[in-house]
Amino acid sequence: MSENTRTVFLEKGAQKLELQKYKLSVEEGPNKGVTKTFKSRQVEIGTAPDTTFILDDGTVSRIHAKILVDENGYALIDMESRNGTYINGLRANEVYLENGSVFNLGETKIKFTLLDENVEVHFSGSQTFGKLLGNSLAMREIFAMLERVAPTDATVLIEGESGTGKELFADAIHTHSERANGPFIIVDCSAIARDLIESELFGHVKGAFTGANADREGAFIAANGGTLFLDELGELPLDLQPKLLRALESRAVKPVGGNKTIQADVRIIAATNRNLVHEVKEGNFREDLYYRFAVIKVAIPPLRDRPDDIPPLVESFIAEASKVSGQEPVEIAYKTMEKLKRHQWPGNVRELKNFVERAVILTQDNLIETKFLNQSNAPKDRDLDRRGTEEMATQAIAEDIPFKEAKTFLIESFEKAYWKQLLEHTGGNISKAARLAGVHRKSVEYILKKLDLTRSDIRS
């Protein structure tokens with residue numbers, strides 16, 4: 001056990017990890033001089049815009065390495081990076097850092113320094129929170145935070161990849177709040193026509209626009225006394241954001257075409273799979289609105305980062321699928337479970353659930369085996385970039401891929417093909433590509449990092 005960290009067991013199975021704050025300082029590389037202080041249990045380092053410690057080094061992978069704190073100390077773990085992680089000249093897959101340790105990621109050299117301030121990370125003693133399930137430390141850490149946050153009226157911003165269950169998190173917060181008996185209203189900002197979203201949120205009066213044949217209350221009023229969940233917040237049009245900010249600050253709305261302001265006693269929870277900090281920098285999302293939402297931030301880790309949660313999730317999904325189908329609960333082979341734990345699950349928990357439902361129906365020997373994984377509804381890349389839009393739609397419907405997820409994959413496939421071809425056309429010249437595309441060079445650099453496009457992918 002490290003002298004700098006300590007696990008303390010509390011009542012009812014709860015735990016807390018005592019650790020020292022630490023800082024990472026870039027001593028060599030493109031980000032030389034950058035220093036950042038951390039007090040969290042896990043820090044990801046890489047070039048991806050949603051990593052905790054972002055580097056602008058082309059020799060560094062998107063998620064190159066991470067620091068994971070446990071009772072034994074501060075572990076530096078290589079995340080199967082292209083160029084490896086080195087400490088004292090030796091390549092390391094996992095090594096515990098000492099105060100003052102220096103490690104290399106590509107051409108970047110980083111120093112690890114412990115600070116004198118102590119912090120605590122709490123873990124719930126429960127493996128469930130509402131309909132949520134997880135026994136990994138990552139999920140139990142989130143559960144511990146939600147147990148404190150849910151009973152309050154604090155605004156919550158939930159961040160996570162598609163399929164991680166952001167709506168379930170919002171529902172669980174509502175269920176454990178003082179507003180549990182009130183309505184839980186969901187507005188998907190990505191599924192409403194741009195010219196109708198203001199009416200959807202704030203309502204309208206009769207005659208406000210063509211088709212407004214009667215007064216209609218919006219989501220804020222419908223959620224009065226309860227919780228309003230704004231899903232896909234990052235899709236909210238920029239011109240509507242000031243009106244939403246006023247509604248959040250005053251808890252009052254003015255219907256489209258109306259003159260009266262109506263009070264709305266409502267708690268707000270929002271979710272996004274976008275990096276809103278980057279969207280703020282790009283001018284696509286108001287900074288003041290972001291901070292109004294980010295009172296409490298819940299970052300849901302992708303399923304690939306918490307394999308310990310897969311066995312209980314699988315067991316729960318088997319029981320649920322068996323009940324719906326009227327079948328006796330099936331069993332799952334050890335080899336299959338191990339393979340599920342190693343699978344990347346790009347569709348996250350939603351993909352795992354769809355796999356289990358399909359496997360329960362198709363199994364003939366009362367045993368889910370490895371072969372069923374190959375029939376998962378979400379092949380790694382879905383091969384969407386090599387199909388026409390009609391075939392993509394047919395595949396998505398046949399494989400029970402939800403609309404939002406299918407649309408996301410389609411957009412990502414187009415973006416990757418577009419930028420790859422444009423950069424091939426410009427001979428890899430990013431500035432020229434930015435001019436032709438009509439966007440800022442910094443935006444192109446961000447897009448390339450997000451899509452994991454490197455010069456080796458481009459034929460110049």
# chains A, B, ... in the order shown; residues from 1 in each chain; ligands from 1
>>> residues_around(residues="Ser325 (chain A)", least_positions_apart="6", cutoff="10 Å", atoms="only C-alpha atoms", output="count of residues only")
3
>>> residues_around(residues="region 106-115 of chain A", least_positions_apart="4", cutoff="7 Å", atoms="only C-alpha atoms", output="list in words")
Gln20, Lys21, Tyr22, Lys23, Leu24, Ser25, Val26, Glu27, Glu28, Gly29, Thr59, Val60, Asn83, Asn99, Gly100, Ser101 and Val102 of chain A
>>> write_last_selection(atoms="C-alpha atoms", output="CSV table (one decimal), in the first residue's frame")
chain,number,residue,atom,x,y,z
A,20,GLN,CA,-2.8,13.6,-2.6
A,21,LYS,CA,-3.5,16.1,-5.4
A,22,TYR,CA,-0.9,16.0,-8.1
A,23,LYS,CA,0.2,18.0,-11.1
A,24,LEU,CA,1.4,17.1,-14.6
A,25,SER,CA,4.0,19.5,-16.1
A,26,VAL,CA,5.1,19.3,-19.7
A,27,GLU,CA,8.9,19.7,-19.8
A,28,GLU,CA,9.5,19.0,-23.5
A,29,GLY,CA,7.3,18.9,-26.6
A,59,THR,CA,3.5,11.4,-32.1
A,60,VAL,CA,1.0,11.0,-29.2
A,83,ASN,CA,4.6,4.9,-30.0
A,99,ASN,CA,7.0,11.9,-6.7
A,100,GLY,CA,9.1,13.6,-9.4
A,101,SER,CA,8.9,10.8,-11.9
A,102,VAL,CA,9.3,11.8,-15.6
>>> closest_residue(among="A:Asp239, A:Glu249, A:Asp308, A:Glu161", to="Gly283 (chain A)", atoms="only C-alpha atoms")
A:Asp239
